[in-house]
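Student: This is final20.csv, which holds CSV, C-alpha atoms:
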```csv
chain,number,residue,atom,x,y,z
M,262,MET,CA,97.9,108.5,97.7
M,263,ARG,CA,98.6,107.1,101.2
M,264,THR,CA,94.9,106.5,101.6
M,265,PHE,CA,95.3,103.3,99.5
M,266,ALA,CA,95.9,101.2,102.6
M,267,ALA,CA,92.5,102.0,104.0
M,268,ILE,CA,90.7,101.5,100.7
M,269,LEU,CA,92.4,98.2,100.0
M,270,ALA,CA,91.6,96.9,103.5
M,271,PHE,CA,87.9,97.7,103.0
M,272,LEU,CA,87.8,96.0,99.6
M,273,GLY,CA,89.5,92.8,100.6
M,274,VAL,CA,90.0,92.3,104.4
M,275,PHE,CA,87.2,91.8,106.9
M,276,GLY,CA,88.9,89.6,109.5
M,277,VAL,CA,88.8,91.0,113.0
M,278,VAL,CA,90.8,89.9,116.1
M,279,PRO,CA,89.9,90.9,119.7
M,280,ALA,CA,92.0,93.9,120.7
M,281,HIS,CA,93.0,92.2,124.0
M,282,ARG,CA,94.9,89.6,122.0
M,283,LEU,CA,97.1,92.4,120.7
M,284,ASN,CA,97.8,93.9,124.1
M,285,ARG,CA,95.2,96.6,123.7
M,286,GLN,CA,92.2,97.3,126.0
M,287,SER,CA,89.0,95.9,124.6
M,288,ASN,CA,85.3,95.3,125.4
M,289,PRO,CA,84.9,91.5,124.9
M,290,ALA,CA,81.4,92.0,123.5
M,291,ALA,CA,82.6,94.4,120.8
M,292,SER,CA,83.5,91.9,118.2
M,293,GLN,CA,80.0,90.6,117.5
M,294,GLY,CA,76.4,91.8,117.2
M,295,PRO,CA,74.8,94.9,115.7
M,296,ASN,CA,76.0,98.5,116.2
M,297,LEU,CA,74.7,102.0,116.1
M,298,PHE,CA,76.3,102.8,112.7
M,299,THR,CA,73.7,101.4,110.4
M,300,ARG,CA,72.8,103.4,107.3
M,301,HIS,CA,69.1,103.6,106.5
M,302,TYR,CA,68.8,104.8,102.9
M,303,GLN,CA,65.9,106.4,101.0
M,304,GLU,CA,66.1,106.3,97.2
M,305,GLY,CA,66.3,109.9,95.9
M,306,GLU,CA,67.8,111.3,99.1
M,307,LYS,CA,70.1,114.2,98.4
M,308,LEU,CA,73.4,114.8,100.2
M,309,SER,CA,75.9,117.7,100.1
M,310,TYR,CA,79.4,117.9,101.7
M,311,HIS,CA,82.0,120.7,101.7
M,312,MET,CA,85.6,119.4,102.1
M,313,GLU,CA,88.6,121.4,103.2
M,314,ALA,CA,92.2,120.1,103.6
M,315,THR,CA,95.8,121.2,104.3
M,316,ASN,CA,99.0,119.4,103.7
M,317,GLU,CA,102.0,120.7,105.5
M,318,ASP,CA,105.7,119.6,105.4
M,319,HIS,CA,109.2,121.1,105.8
M,320,VAL,CA,108.9,122.8,102.4
M,321,GLY,CA,105.5,124.5,102.9
M,322,THR,CA,101.7,124.1,103.1
M,323,LYS,CA,99.2,123.3,100.4
M,324,SER,CA,95.5,123.4,100.7
M,325,TYR,CA,92.4,122.5,98.8
M,326,GLU,CA,88.6,122.8,99.1
M,327,ALA,CA,85.8,121.2,97.1
M,328,GLN,CA,82.1,120.6,97.1
M,329,ALA,CA,80.5,117.1,96.6
M,330,ASP,CA,76.7,116.9,95.9
M,331,GLY,CA,75.1,113.5,95.7
M,332,ILE,CA,71.9,111.5,95.3
M,333,VAL,CA,71.0,108.0,96.6
M,334,LYS,CA,70.3,105.4,94.0
M,335,LYS,CA,69.7,101.6,93.8
M,336,ASP,CA,71.7,99.1,91.8
M,337,SER,CA,70.0,96.2,89.9
M,338,ALA,CA,70.2,94.0,93.0
M,339,GLY,CA,68.4,96.5,95.2
M,340,ASN,CA,71.5,97.7,97.0
M,341,PHE,CA,71.8,101.5,97.8
M,342,TYR,CA,74.7,103.7,96.8
M,343,GLU,CA,75.5,107.4,96.7
M,344,GLU,CA,76.5,109.1,93.4
M,345,TYR,CA,78.4,112.3,93.8
M,346,GLN,CA,79.3,115.1,91.4
M,347,TRP,CA,82.2,117.4,92.4
M,348,SER,CA,82.4,121.2,91.9
M,349,ALA,CA,84.0,124.4,93.3
M,350,LEU,CA,87.5,122.7,93.4
M,351,ALA,CA,90.3,125.1,94.4
M,352,TRP,CA,94.0,124.4,95.3
M,353,ASP,CA,95.8,127.1,97.3
M,354,GLY,CA,92.8,129.4,96.6
M,355,LYS,CA,93.1,128.9,92.8
M,356,ALA,CA,90.0,127.5,91.1
M,357,ILE,CA,90.6,124.2,89.2
M,358,PRO,CA,88.2,123.0,86.4
M,359,VAL,CA,86.4,119.8,87.3
M,360,ALA,CA,85.5,117.1,84.6
M,361,PRO,CA,81.7,117.6,84.3
M,362,ASP,CA,81.1,113.9,83.5
M,363,PHE,CA,83.0,112.4,86.4
M,364,ARG,CA,80.9,110.8,89.1
M,365,GLN,CA,82.1,109.2,92.4
M,366,VAL,CA,80.1,106.2,93.7
M,367,LEU,CA,80.2,105.5,97.5
M,368,SER,CA,78.0,103.4,99.8
M,369,LEU,CA,77.5,102.4,103.4
M,370,ASP,CA,75.1,99.6,102.4
M,371,PRO,CA,76.9,96.3,103.3
M,372,GLY,CA,75.2,94.6,100.3
M,373,PHE,CA,76.8,97.0,97.8
M,374,LYS,CA,80.0,95.8,96.2
M,375,PRO,CA,82.6,98.6,96.4
M,376,SER,CA,84.9,99.5,93.6
M,377,PHE,CA,87.9,101.8,93.1
M,378,PRO,CA,87.0,105.1,91.4
M,379,ASP,CA,88.1,105.7,87.8
M,380,LEU,CA,90.7,108.4,88.5
M,381,GLN,CA,91.7,108.7,84.9
M,382,HIS,CA,88.5,110.6,84.3
M,383,ALA,CA,88.7,112.7,87.5
M,384,GLY,CA,91.5,115.0,86.6
M,385,SER,CA,94.7,115.4,88.6
M,386,GLY,CA,93.4,118.1,90.9
M,387,LEU,CA,90.5,116.0,92.1
M,388,VAL,CA,92.5,112.8,92.9
M,389,GLY,CA,93.2,113.9,96.5
M,390,PRO,CA,89.7,115.0,97.3
M,391,VAL,CA,88.2,111.8,95.8
M,392,LEU,CA,90.5,109.5,97.8
M,393,ASP,CA,90.1,111.4,101.0
M,394,PHE,CA,86.3,111.4,100.7
M,395,MET,CA,86.4,107.7,100.0
M,396,THR,CA,88.5,107.1,103.1
M,397,PHE,CA,85.8,108.4,105.3
M,398,TYR,CA,83.3,106.0,103.8
M,399,VAL,CA,85.9,103.1,103.9
M,400,ASP,CA,86.4,103.7,107.7
M,401,LEU,CA,82.7,104.0,108.6
M,402,GLY,CA,82.0,101.0,106.3
M,403,LEU,CA,84.5,98.9,108.4
M,404,ALA,CA,82.7,100.0,111.6
M,405,ILE,CA,79.4,99.0,110.1
M,406,ARG,CA,80.5,95.6,108.9
M,407,LYS,CA,82.3,94.7,112.1
M,408,GLY,CA,79.3,95.3,114.4
M,409,GLY,CA,79.4,95.3,118.2
M,410,LEU,CA,79.6,99.0,118.6
M,411,ASN,CA,76.8,99.8,121.0
M,412,HIS,CA,78.2,101.4,124.1
M,413,VAL,CA,80.8,104.1,124.5
M,414,GLY,CA,84.2,102.4,124.6
M,415,ASP,CA,83.2,99.4,122.6
M,416,HIS,CA,86.2,98.5,120.5
M,417,VAL,CA,87.4,96.3,117.6
M,418,TYR,CA,90.8,95.8,116.0
M,419,VAL,CA,91.0,95.1,112.3
M,420,PRO,CA,94.4,93.7,111.2
M,421,PHE,CA,95.6,94.4,107.6
M,422,GLY,CA,99.3,95.1,107.6
M,423,ARG,CA,100.1,94.3,104.0
M,424,PRO,CA,102.1,96.9,102.1
M,425,THR,CA,100.2,99.3,99.8
M,426,SER,CA,102.0,101.3,97.2
M,427,TRP,CA,101.5,104.8,95.7
M,428,ALA,CA,104.7,104.7,93.6
M,429,ALA,CA,103.5,105.6,90.1
M,430,GLY,CA,106.3,107.2,88.1
M,431,GLU,CA,107.5,110.9,88.3
M,432,GLY,CA,110.8,109.8,89.8
M,433,LEU,CA,109.2,107.9,92.8
M,434,ILE,CA,110.8,104.5,93.1
M,435,ILE,CA,109.2,103.3,96.4
M,436,GLY,CA,106.2,104.7,98.1
M,437,GLU,CA,104.6,102.3,100.6
M,438,ASP,CA,102.8,102.2,104.0
M,439,SER,CA,101.4,99.5,106.2
M,440,ILE,CA,98.5,99.9,108.7
M,441,ASP,CA,96.0,98.2,110.9
M,442,PHE,CA,92.6,99.7,112.1
M,443,ASP,CA,91.6,100.3,115.7
M,444,ILE,CA,87.9,101.3,115.9
M,445,THR,CA,86.2,102.7,119.0
M,446,LEU,CA,82.7,104.0,119.7
M,447,GLN,CA,83.7,107.4,121.1
M,448,LYS,CA,80.5,109.2,121.9
M,449,VAL,CA,76.7,108.8,121.9
M,450,ASP,CA,74.6,112.0,122.2
M,451,ARG,CA,71.0,111.0,122.6
M,452,ALA,CA,69.8,114.6,122.8
M,453,ALA,CA,71.4,115.5,119.5
M,454,ASN,CA,70.7,112.0,118.1
M,455,THR,CA,74.2,111.5,117.0
M,456,ALA,CA,77.0,108.9,117.5
M,457,THR,CA,80.7,109.4,117.0
M,458,VAL,CA,83.3,106.8,116.0
M,459,LEU,CA,87.1,107.0,116.1
M,460,ILE,CA,89.0,104.9,113.5
M,461,ARG,CA,92.7,105.0,114.1
M,462,HIS,CA,95.0,103.7,111.4
M,463,VAL,CA,98.0,102.4,113.4
M,464,PRO,CA,101.3,100.7,112.6
M,465,PRO,CA,101.2,96.9,112.7
M,466,ALA,CA,103.4,95.0,115.1
M,467,GLU,CA,105.4,94.0,112.0
M,468,PRO,CA,104.9,96.3,109.0
M,469,LYS,CA,105.6,94.6,105.7
M,470,ILE,CA,107.0,97.6,103.8
M,471,SER,CA,110.1,97.5,101.6
M,472,LEU,CA,113.1,98.9,103.5
M,473,PRO,CA,116.1,98.5,101.1
M,474,THR,CA,118.9,99.5,103.5
M,475,PRO,CA,119.7,98.8,107.2
M,476,TRP,CA,119.5,102.4,108.4
M,477,MET,CA,115.8,102.5,107.4
M,478,HIS,CA,115.0,99.7,109.9
M,479,VAL,CA,115.9,101.9,112.9
M,480,PRO,CA,112.6,103.3,114.3
M,481,VAL,CA,112.1,107.0,113.7
M,482,ALA,CA,109.5,107.2,116.4
M,483,ASP,CA,108.1,104.9,119.1
M,484,THR,CA,106.9,102.0,116.8
M,485,PRO,CA,108.5,100.1,113.9
M,486,ASN,CA,108.6,102.2,110.7
M,487,ASN,CA,105.5,101.7,108.6
M,488,TRP,CA,106.0,104.4,105.9
M,489,VAL,CA,108.8,104.7,103.2
M,490,GLU,CA,109.5,106.8,100.1
M,491,VAL,CA,112.5,106.7,97.8
M,492,GLY,CA,112.7,109.0,94.8
M,493,LYS,CA,115.3,110.1,92.3
M,494,SER,CA,116.0,113.8,91.8
M,495,LYS,CA,116.7,115.6,88.6
M,496,ASP,CA,120.4,115.8,89.5
M,497,GLY,CA,120.6,112.0,89.7
M,498,LYS,CA,120.7,111.7,93.5
M,499,TYR,CA,118.3,109.7,95.6
M,500,VAL,CA,116.0,111.1,98.3
M,501,ALA,CA,115.2,108.4,100.8
M,502,SER,CA,112.6,108.9,103.6
M,503,VAL,CA,111.3,106.5,106.3
M,504,GLY,CA,109.1,107.0,109.3
M,505,LYS,CA,105.9,106.4,111.2
M,506,GLU,CA,102.4,107.2,109.8
M,507,THR,CA,99.1,107.2,111.6
M,508,PHE,CA,95.6,108.4,110.8
M,509,ASP,CA,93.0,109.5,113.3
M,510,VAL,CA,89.6,109.6,111.6
M,511,VAL,CA,86.6,110.9,113.7
M,512,ILE,CA,83.1,110.5,112.1
M,513,GLU,CA,79.9,111.9,113.5
M,514,THR,CA,76.7,110.2,112.2
M,515,SER,CA,73.0,110.6,112.6
M,516,LEU,CA,71.3,108.0,114.8
M,517,THR,CA,68.1,108.5,112.7
M,518,ASP,CA,69.4,107.4,109.3
M,519,GLY,CA,73.1,106.7,109.8
M,520,ARG,CA,74.4,109.3,107.3
M,521,ILE,CA,77.7,111.1,107.9
M,522,LEU,CA,77.1,114.5,109.5
M,523,SER,CA,80.8,115.5,109.7
M,524,ALA,CA,84.2,114.0,109.7
M,525,THR,CA,87.9,114.9,110.3
M,526,MET,CA,91.1,113.1,109.4
M,527,ASP,CA,94.4,113.9,111.1
M,528,ASN,CA,97.3,112.2,109.2
M,529,PRO,CA,100.8,112.9,110.5
M,530,VAL,CA,104.0,111.2,109.3
M,531,GLU,CA,107.2,111.5,111.4
M,532,VAL,CA,109.9,111.4,108.8
M,533,LEU,CA,113.7,110.9,108.7
M,534,GLU,CA,115.1,111.8,105.3
M,535,ARG,CA,118.6,111.4,103.8
M,536,GLU,CA,120.0,112.3,100.4
M,537,CYS,CA,122.1,109.5,98.9
M,538,SER,CA,124.4,109.2,95.8
M,539,ASP,CA,123.8,105.5,95.1
M,540,ALA,CA,120.8,103.4,94.3
M,541,ALA,CA,121.6,101.1,97.3
M,542,LEU,CA,121.1,104.1,99.6
M,543,THR,CA,124.4,103.3,101.4
M,544,SER,CA,126.3,106.5,100.6
M,545,CYS,CA,124.2,109.2,102.2
M,546,GLY,CA,124.4,112.6,103.8
M,547,GLU,CA,123.3,113.5,107.3
M,548,PRO,CA,119.6,112.9,108.1
M,549,ILE,CA,117.0,115.5,108.6
M,550,ARG,CA,113.8,115.1,110.6
M,551,TYR,CA,110.4,116.7,109.9
M,552,GLN,CA,106.7,116.0,110.0
M,553,ILE,CA,104.2,115.8,107.2
M,554,ARG,CA,100.7,116.5,108.4
M,555,ARG,CA,97.5,116.3,106.4
M,556,LEU,CA,94.3,117.6,108.0
M,557,ILE,CA,91.0,117.0,106.2
M,558,GLU,CA,87.4,117.9,107.2
M,559,ILE,CA,84.0,117.4,105.6
M,560,ARG,CA,80.8,118.9,106.9
```
Translate the structure of the given file into C-alpha cells.
Tutor:
Amino acid sequence: MRTFAAILAFLGVFGVVPAHRLNRQSNPAASQGPNLFTRHYQEGEKLSYHMEATNEDHVGTKSYEAQADGIVKKDSAGNFYEEYQWSALAWDGKAIPVAPDFRQVLSLDPGFKPSFPDLQHAGSGLVGPVLDFMTFYVDLGLAIRKGGLNHVGDHVYVPFGRPTSWAAGEGLIIGEDSIDFDITLQKVDRAANTATVLIRHVPPAEPKISLPTPWMHVPVADTPNNWVEVGKSKDGKYVASVGKETFDVVIETSLTDGRILSATMDNPVEVLERECSDAALTSCGEPIRYQIRRLIEIR
C-alpha cells in the first residue's frame, strides 16, 4: 500500500521547483519545454505486460506474478486511455482467481483525468499488482507533464511531502510515508529508438509523518525518517517501526509512440522496530534493525 504517495502526488500535485534550489544538481533548462516522453496513442492499439515481484523482509520472502492485457480507447472528450484485464495471477507460485469483470484504466494522455481504481472489485490478491502497475504510469505521467527532459542528465524535482496512509484496520494503527520525486533523463538510445527515465522517490527535507514518541524521531539511516508503522498484536502488545523508504523506478519507453517497453521498481525500507507494552510506545524492548525490499518488474 506504500505506493499511495506516488499516486496521490500524481492526482493532486504538479508544482515543480528547480533541483538546484534544494541543493541538488540540476540542468536549469529542465523545468520547462517539451520532452521525449510523449505518448502517441492509436485507438484500438493492444498492449500486453507481464509483471513479477518479490517482497523480502526479516520474516521471509513473498512473490507474485500476473499478466495485464489492454486496449487503447477514447473517452467522450477525445482523450485516450488504456483499459486492462488481469489474468494468470499467482502468489508464491499458487494460482489465485481473478475477478473476470474487473478492469484497470490507466493513461499517459495529459488530457485524461486520472482516478483511483475500484479495489473493492479487484480481489485482495490483485491489489498489490494493480497499485504497482499504476505506480509506473504515475511516475512516467509526472515526467510527461513536467517537460524539459530532452538531453541525458536533464532533471526536475517534484515536491510532495505530505503524509499518505495505508492504515486500514487489521490491527494497523499507523501506516504512513512521505516522499518527493526526483526525475532524471537517464539514457537515450537512438539506434534502439528508446529513452530511459529514472524517477527516484526520496525523503523530503522535513517529512510530515506521524511520529508519536521521541525515539522515533532519531534517524534510522542518513535522512530524516519518512516511514512509520504501528500495529497491535494479538497478545495486546504494540509493534512500532520507523525508518527510511525510497523507490528507484526506471522506465524504458519507445521514442516512436511513447509506450512503456519495460520498467523496474526497487523499493527498500531501512527499519528500526521495537515491541512495546503501552499505546504511548514508551515502555519498549530492545530495537531490531532489518530491511524490507520490494522488487517489481514489467516487460
Student: Would you work out the distance separating atom CA of M:Pro378 from atom CA of M:Glu490, expressed in Å to one decimal?
Tutor: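 Atom-to-atom, atom CA of M:Pro378 to atom CA of M:Glu490, that is 24.2 Å.
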Student: Show which residues sit within 8 Å of M:Leu533, as a list in words. Count all atoms listed in the file, and ignore same-chain residues fewer than 3 positions away.
Tutor: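 Close residues of M:Leu533: Val481, Ser502, Val503, Gly504, Pro548, Ile549, Arg550 and Tyr551 of chain M.
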Student: Of the candidates M:Arg451, M:Lys355, M:His311, M:His478, which shows the shortest atom-to-atom distance to M:Thr525, using all atoms listed in the file?
Tutor: M:His311
Student: So, counting only C-alpha atoms, which residue among M:Asp527, M:Lys374, M:Ile357, M:Glu313 is closest to M:Arg560?
Tutor: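 Using only C-alpha atoms, the shortest distance to M:Arg560 belongs to M:Glu313.
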Student: At most 12 Å from (79.7, 112.3, 112.0), file frame, all atoms listed in the file: which residues, as a CSV table (one decimal) with C-alpha atoms, keeping the file's coordinate frame?
Tutor:
```
chain,number,residue,atom,x,y,z
M,298,PHE,CA,76.3,102.8,112.7
M,310,TYR,CA,79.4,117.9,101.7
M,397,PHE,CA,85.8,108.4,105.3
M,398,TYR,CA,83.3,106.0,103.8
M,400,ASP,CA,86.4,103.7,107.7
M,401,LEU,CA,82.7,104.0,108.6
M,446,LEU,CA,82.7,104.0,119.7
M,447,GLN,CA,83.7,107.4,121.1
M,448,LYS,CA,80.5,109.2,121.9
M,449,VAL,CA,76.7,108.8,121.9
M,450,ASP,CA,74.6,112.0,122.2
M,453,ALA,CA,71.4,115.5,119.5
M,454,ASN,CA,70.7,112.0,118.1
M,455,THR,CA,74.2,111.5,117.0
M,456,ALA,CA,77.0,108.9,117.5
M,457,THR,CA,80.7,109.4,117.0
M,458,VAL,CA,83.3,106.8,116.0
M,459,LEU,CA,87.1,107.0,116.1
M,460,ILE,CA,89.0,104.9,113.5
M,510,VAL,CA,89.6,109.6,111.6
M,511,VAL,CA,86.6,110.9,113.7
M,512,ILE,CA,83.1,110.5,112.1
M,513,GLU,CA,79.9,111.9,113.5
M,514,THR,CA,76.7,110.2,112.2
M,515,SER,CA,73.0,110.6,112.6
M,516,LEU,CA,71.3,108.0,114.8
M,518,ASP,CA,69.4,107.4,109.3
M,519,GLY,CA,73.1,106.7,109.8
M,520,ARG,CA,74.4,109.3,107.3
M,521,ILE,CA,77.7,111.1,107.9
M,522,LEU,CA,77.1,114.5,109.5
M,523,SER,CA,80.8,115.5,109.7
M,524,ALA,CA,84.2,114.0,109.7
M,525,THR,CA,87.9,114.9,110.3
M,526,MET,CA,91.1,113.1,109.4
M,558,GLU,CA,87.4,117.9,107.2
M,559,ILE,CA,84.0,117.4,105.6
M,560,ARG,CA,80.8,118.9,106.9
```
Student: What's around M:Trp352 at 8 Å? Count all atoms listed in the file, leave out sequence neighbours fewer than 3 positions away in its own chain, and write the answer as a PyMOL selection string.
Tutor: chain M and resi 323-326+355-357+386
Student: Please indicate the distance in Å from atom CA of M:Ser368 to atom CA of M:Asn316, rounded to one decimal place.
Tutor: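 Atom CA of M:Asn316 lies 26.7 Å from atom CA of M:Ser368.
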Student: Between M:Glu437, M:Asp379, M:Asp330, M:Asp318, single out the one closest to M:Ala349, counting only C-alpha atoms.
Tutor: M:Asp330
Student: Which is closer to M:Cys545 than all the others in M:Thr474, M:Thr299, M:Thr396, M:Asn528, using only C-alpha atoms?
Tutor: M:Thr474
Student: Would you mind listing what lies within 9 Å of M:Leu308 as a list of chain:residue names, with all atoms listed in the file counted and same-chain residues fewer than 6 positions away left out?
Tutor: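 The neighbour list is M:Ala329, M:Asp330, M:Gly331, M:Ile332, M:Val333, M:Glu343, M:Tyr345.
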Student: Name the closest residue to M:Leu387 among the candidates M:Ser544, M:Thr445, M:Gln303, M:Gln328; distances are taken between atoms, counting all atoms listed in the file.
Tutor: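 Closest to M:Leu387, using all atoms listed in the file: M:Gln328.
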Student: Taking into account only C-alpha atoms, which residue in the set M:Val530, M:Leu297, M:Leu433, M:Met477 is nearest to M:Val500?
Tutor: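 Of M:Val530, M:Leu297, M:Leu433, M:Met477, the one nearest M:Val500 is M:Leu433, counting only C-alpha atoms.
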Student: Enter the distance from atom CA of M:Ala541 to atom CA of M:Gly497, in Å, rounded to one decimal.
Tutor: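 These two atoms are separated by 13.3 Å.
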